[in-house]
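The structure appears right after this line, and notes come after that.
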Amino acid sequence: GYARLAESTGIATPVLVWLPTTRREAGARTALARVHAGLDDPRAVPVATAAADLLDPAAPHPSPAAAVWLPLTSARANRAGPRYNLADLADAWPGLAPPADPGPDDGESGDAAAASPYRLPPPSPIPPRATPNRIARGEQ
């Protein structure tokens with residue numbers, strides 16, 4: 001599904017898989033590598049895994065943003081490699097295009113949707129009016 005999404009939008013969106021233990025991570029990486037290797041363009045679906053038992057329990061704020069992420073490449077599914085901080089994970093995928101620059105007005109103008117076909121205008125802060133079904137359920 002992620003491969004079809006990347007193909008139809010032209011946007012590679014990394015898939016991050018968080019698992020409870022490194023043992024479960026190793027099993028998941030084996031299964032993911034099998035599927036990943038069969039994709040037409042594996043670079044369009046970058047994958048990384050991490051495990052909760054890699055977090056430092058002595059840290060004041062253990063975080064999944066720490067250096068616990070291991071990128072998946074079909075060639076080295078189970079081979080240990082460097083683990084990355086979440087912020088630096090994009091460095092593991094050198095072919096991954098950087099996010100588009102939002103521009104100077106950052107979508108605050110009325111033409112935000114015109115700037116990019118994938119960018120939606122923000123929703124109204126006012127909730128929609130109640131439909132007849134909602135009113136009927138609330139009165140019962």
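Please note that chains go A, B, ... in the order of the structure tokens, that every chain numbers its residues from 1, and that ligands are numbered from 1 in the order shown.
All residues in segment 46-91 of chain A with a DSSP state of strand (DSSP E or B), computed from the backbone, read Val47, Ala48, Thr49, Ala50, Ala51, Trp69, Leu70, Pro71, Leu72 and Tyr84 of chain A.
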TODO: For Gly95 of chain A, list every protein, DNA or RNA residue within 10 Å, evaluated using only C-alpha atoms, and leave out those in the same chain fewer than 4 positions away; present the list as a ChimeraX atom specification.
DONE: /A:43-44,46,90-91
Task: Selection: 12 Å around Ala12 of chain A, only C-alpha atoms, excl. self and same-chain fewer than 4 positions, as a list in words - done: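 That gives Tyr2, Ala3, Arg4, Leu5, Ala6, Glu7, Ser8, Asp41, Pro42, Arg43, Ala44, Val45, Pro46, Val47, Ala90, Trp93, Gly95, Leu96, Ala97, Pro98, Pro99 and Ala100 of chain A.
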Could you save the residues just selected, with all heavy atoms, as a short mmCIF file (atom, residue, chain, number, x, y, z; two decimals), in the first residue's frame?
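Result file follows (part-v5.cif):
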```cif
data_model
loop_
_atom_site.label_atom_id
_atom_site.label_comp_id
_atom_site.auth_asym_id
_atom_site.auth_seq_id
_atom_site.Cartn_x
_atom_site.Cartn_y
_atom_site.Cartn_z
N TYR A 2 1.93 1.27 0.77
CA TYR A 2 2.80 2.45 0.81
C TYR A 2 3.49 2.65 -0.53
O TYR A 2 3.71 3.78 -0.95
CB TYR A 2 3.84 2.33 1.93
CG TYR A 2 3.23 2.55 3.30
CD1 TYR A 2 2.94 1.49 4.12
CD2 TYR A 2 2.95 3.83 3.75
CE1 TYR A 2 2.38 1.68 5.38
CE2 TYR A 2 2.40 4.05 4.99
CZ TYR A 2 2.12 2.96 5.80
OH TYR A 2 1.56 3.16 7.03
N ALA A 3 3.82 1.55 -1.21
CA ALA A 3 4.44 1.66 -2.54
C ALA A 3 3.46 2.27 -3.53
O ALA A 3 3.84 3.12 -4.34
CB ALA A 3 4.91 0.29 -3.02
N ARG A 4 2.20 1.87 -3.47
CA ARG A 4 1.19 2.45 -4.37
C ARG A 4 0.98 3.93 -4.05
O ARG A 4 0.81 4.74 -4.95
CB ARG A 4 -0.13 1.69 -4.27
CG ARG A 4 -0.07 0.32 -4.92
CD ARG A 4 -1.44 -0.31 -5.06
NE ARG A 4 -2.22 -0.32 -3.83
CZ ARG A 4 -2.20 -1.31 -2.93
NH1 ARG A 4 -1.43 -2.35 -3.12
NH2 ARG A 4 -2.94 -1.25 -1.85
N LEU A 5 0.99 4.28 -2.78
CA LEU A 5 0.85 5.68 -2.38
C LEU A 5 2.01 6.50 -2.93
O LEU A 5 1.80 7.57 -3.51
CB LEU A 5 0.79 5.80 -0.86
CG LEU A 5 0.73 7.22 -0.30
CD1 LEU A 5 -0.57 7.90 -0.71
CD2 LEU A 5 0.87 7.19 1.21
N ALA A 6 3.22 6.01 -2.77
CA ALA A 6 4.40 6.74 -3.27
C ALA A 6 4.35 6.87 -4.78
O ALA A 6 4.68 7.92 -5.33
CB ALA A 6 5.67 6.02 -2.85
N GLU A 7 3.90 5.82 -5.46
CA GLU A 7 3.82 5.87 -6.93
C GLU A 7 2.77 6.87 -7.40
O GLU A 7 3.00 7.65 -8.32
CB GLU A 7 3.50 4.49 -7.48
CG GLU A 7 3.47 4.44 -8.99
CD GLU A 7 3.10 3.05 -9.50
OE1 GLU A 7 3.14 2.08 -8.73
OE2 GLU A 7 2.74 2.97 -10.69
N SER A 8 1.63 6.88 -6.75
CA SER A 8 0.54 7.76 -7.21
C SER A 8 0.77 9.23 -6.85
O SER A 8 0.32 10.12 -7.55
CB SER A 8 -0.81 7.28 -6.69
OG SER A 8 -0.87 7.40 -5.28
N ASP A 41 10.18 -0.32 -6.66
CA ASP A 41 11.12 0.74 -6.32
C ASP A 41 11.24 0.83 -4.80
O ASP A 41 10.55 1.63 -4.16
CB ASP A 41 10.67 2.08 -6.90
CG ASP A 41 11.68 3.19 -6.66
OD1 ASP A 41 12.80 2.91 -6.19
OD2 ASP A 41 11.33 4.35 -6.96
N PRO A 42 12.09 -0.01 -4.18
CA PRO A 42 12.20 0.00 -2.72
C PRO A 42 12.61 1.36 -2.16
O PRO A 42 12.27 1.69 -1.03
CB PRO A 42 13.29 -1.04 -2.43
CG PRO A 42 13.35 -1.89 -3.64
CD PRO A 42 12.94 -1.02 -4.79
N ARG A 43 13.34 2.19 -2.95
CA ARG A 43 13.75 3.50 -2.44
C ARG A 43 12.55 4.43 -2.22
O ARG A 43 12.64 5.39 -1.48
CB ARG A 43 14.73 4.16 -3.40
CG ARG A 43 16.08 3.43 -3.45
CD ARG A 43 17.00 4.02 -4.48
NE ARG A 43 16.34 3.98 -5.79
CZ ARG A 43 16.45 4.89 -6.72
NH1 ARG A 43 17.21 5.93 -6.54
NH2 ARG A 43 15.82 4.76 -7.86
N ALA A 44 11.41 4.14 -2.85
CA ALA A 44 10.22 4.98 -2.68
C ALA A 44 9.52 4.71 -1.35
O ALA A 44 8.65 5.49 -0.95
CB ALA A 44 9.24 4.74 -3.83
N VAL A 45 9.90 3.62 -0.69
CA VAL A 45 9.30 3.28 0.60
C VAL A 45 10.42 3.02 1.61
O VAL A 45 10.75 1.89 1.93
CB VAL A 45 8.39 2.03 0.49
CG1 VAL A 45 7.67 1.78 1.81
CG2 VAL A 45 7.39 2.18 -0.64
N PRO A 46 11.04 4.09 2.11
CA PRO A 46 12.08 3.90 3.12
C PRO A 46 11.47 3.38 4.42
O PRO A 46 10.39 3.83 4.83
CB PRO A 46 12.69 5.28 3.29
CG PRO A 46 11.73 6.23 2.67
CD PRO A 46 10.84 5.46 1.75
N VAL A 47 12.14 2.42 5.05
CA VAL A 47 11.62 1.79 6.27
C VAL A 47 12.70 1.83 7.34
O VAL A 47 13.88 1.64 7.05
CB VAL A 47 11.22 0.32 5.99
CG1 VAL A 47 10.74 -0.37 7.27
CG2 VAL A 47 10.15 0.24 4.91
N ALA A 90 16.67 10.79 8.10
CA ALA A 90 16.67 11.07 6.66
C ALA A 90 18.07 10.91 6.06
O ALA A 90 18.20 10.59 4.88
CB ALA A 90 16.13 12.46 6.38
N TRP A 93 18.82 7.67 4.21
CA TRP A 93 18.24 7.48 2.88
C TRP A 93 18.70 8.63 1.99
O TRP A 93 17.96 9.58 1.74
CB TRP A 93 16.72 7.44 2.95
CG TRP A 93 16.21 6.36 3.85
CD1 TRP A 93 16.45 5.02 3.73
CD2 TRP A 93 15.38 6.50 5.00
NE1 TRP A 93 15.81 4.34 4.73
CE2 TRP A 93 15.14 5.22 5.53
CE3 TRP A 93 14.80 7.61 5.63
CZ2 TRP A 93 14.35 5.00 6.66
CZ3 TRP A 93 14.03 7.39 6.76
CH2 TRP A 93 13.81 6.09 7.25
N GLY A 95 18.94 9.09 -1.13
CA GLY A 95 18.15 9.35 -2.34
C GLY A 95 16.80 9.97 -2.05
O GLY A 95 16.06 10.34 -2.96
N LEU A 96 16.44 10.10 -0.78
CA LEU A 96 15.14 10.64 -0.40
C LEU A 96 15.14 12.15 -0.59
O LEU A 96 16.01 12.85 -0.08
CB LEU A 96 14.85 10.30 1.06
CG LEU A 96 13.47 10.60 1.59
CD1 LEU A 96 12.41 9.80 0.85
CD2 LEU A 96 13.39 10.28 3.07
N ALA A 97 14.16 12.64 -1.35
CA ALA A 97 14.06 14.08 -1.59
C ALA A 97 13.69 14.79 -0.29
O ALA A 97 12.88 14.28 0.48
CB ALA A 97 13.02 14.37 -2.66
N PRO A 98 14.25 15.97 -0.04
CA PRO A 98 13.88 16.72 1.16
C PRO A 98 12.44 17.21 1.05
O PRO A 98 11.89 17.33 -0.04
CB PRO A 98 14.86 17.89 1.17
CG PRO A 98 15.29 18.04 -0.24
CD PRO A 98 15.22 16.68 -0.87
N PRO A 99 11.80 17.49 2.19
CA PRO A 99 10.43 18.02 2.14
C PRO A 99 10.38 19.34 1.38
O PRO A 99 11.35 20.09 1.39
CB PRO A 99 10.05 18.23 3.61
CG PRO A 99 11.17 17.73 4.42
CD PRO A 99 12.31 17.38 3.53
N ALA A 100 9.28 19.60 0.74
CA ALA A 100 9.12 20.83 -0.02
C ALA A 100 9.12 22.03 0.92
O ALA A 100 8.59 21.97 2.03
CB ALA A 100 7.81 20.79 -0.80
#
```
- [ ] Please measure the separation of atom CA of Ala92 of chain A and atom CA of Gly27 of chain A, giving the value in Å to one decimal.
- [x] 21.2 Å
Task: Minimum-distance residue to Ala52 of chain A, chosen among A:Leu86, A:Leu19, A:Leu32, A:Ile126 (using only C-alpha atoms) - done: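 The answer is A:Leu19, which sits nearest to Ala52 of chain A.
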Open item on the list: Between atom CA of Pro82 of chain A and atom CA of Ala28 of chain A, what is the distance in Å, rounded to a tenth?
Closed with: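 Pair atom CA of Pro82 of chain A / atom CA of Ala28 of chain A returns 17.9 Å.
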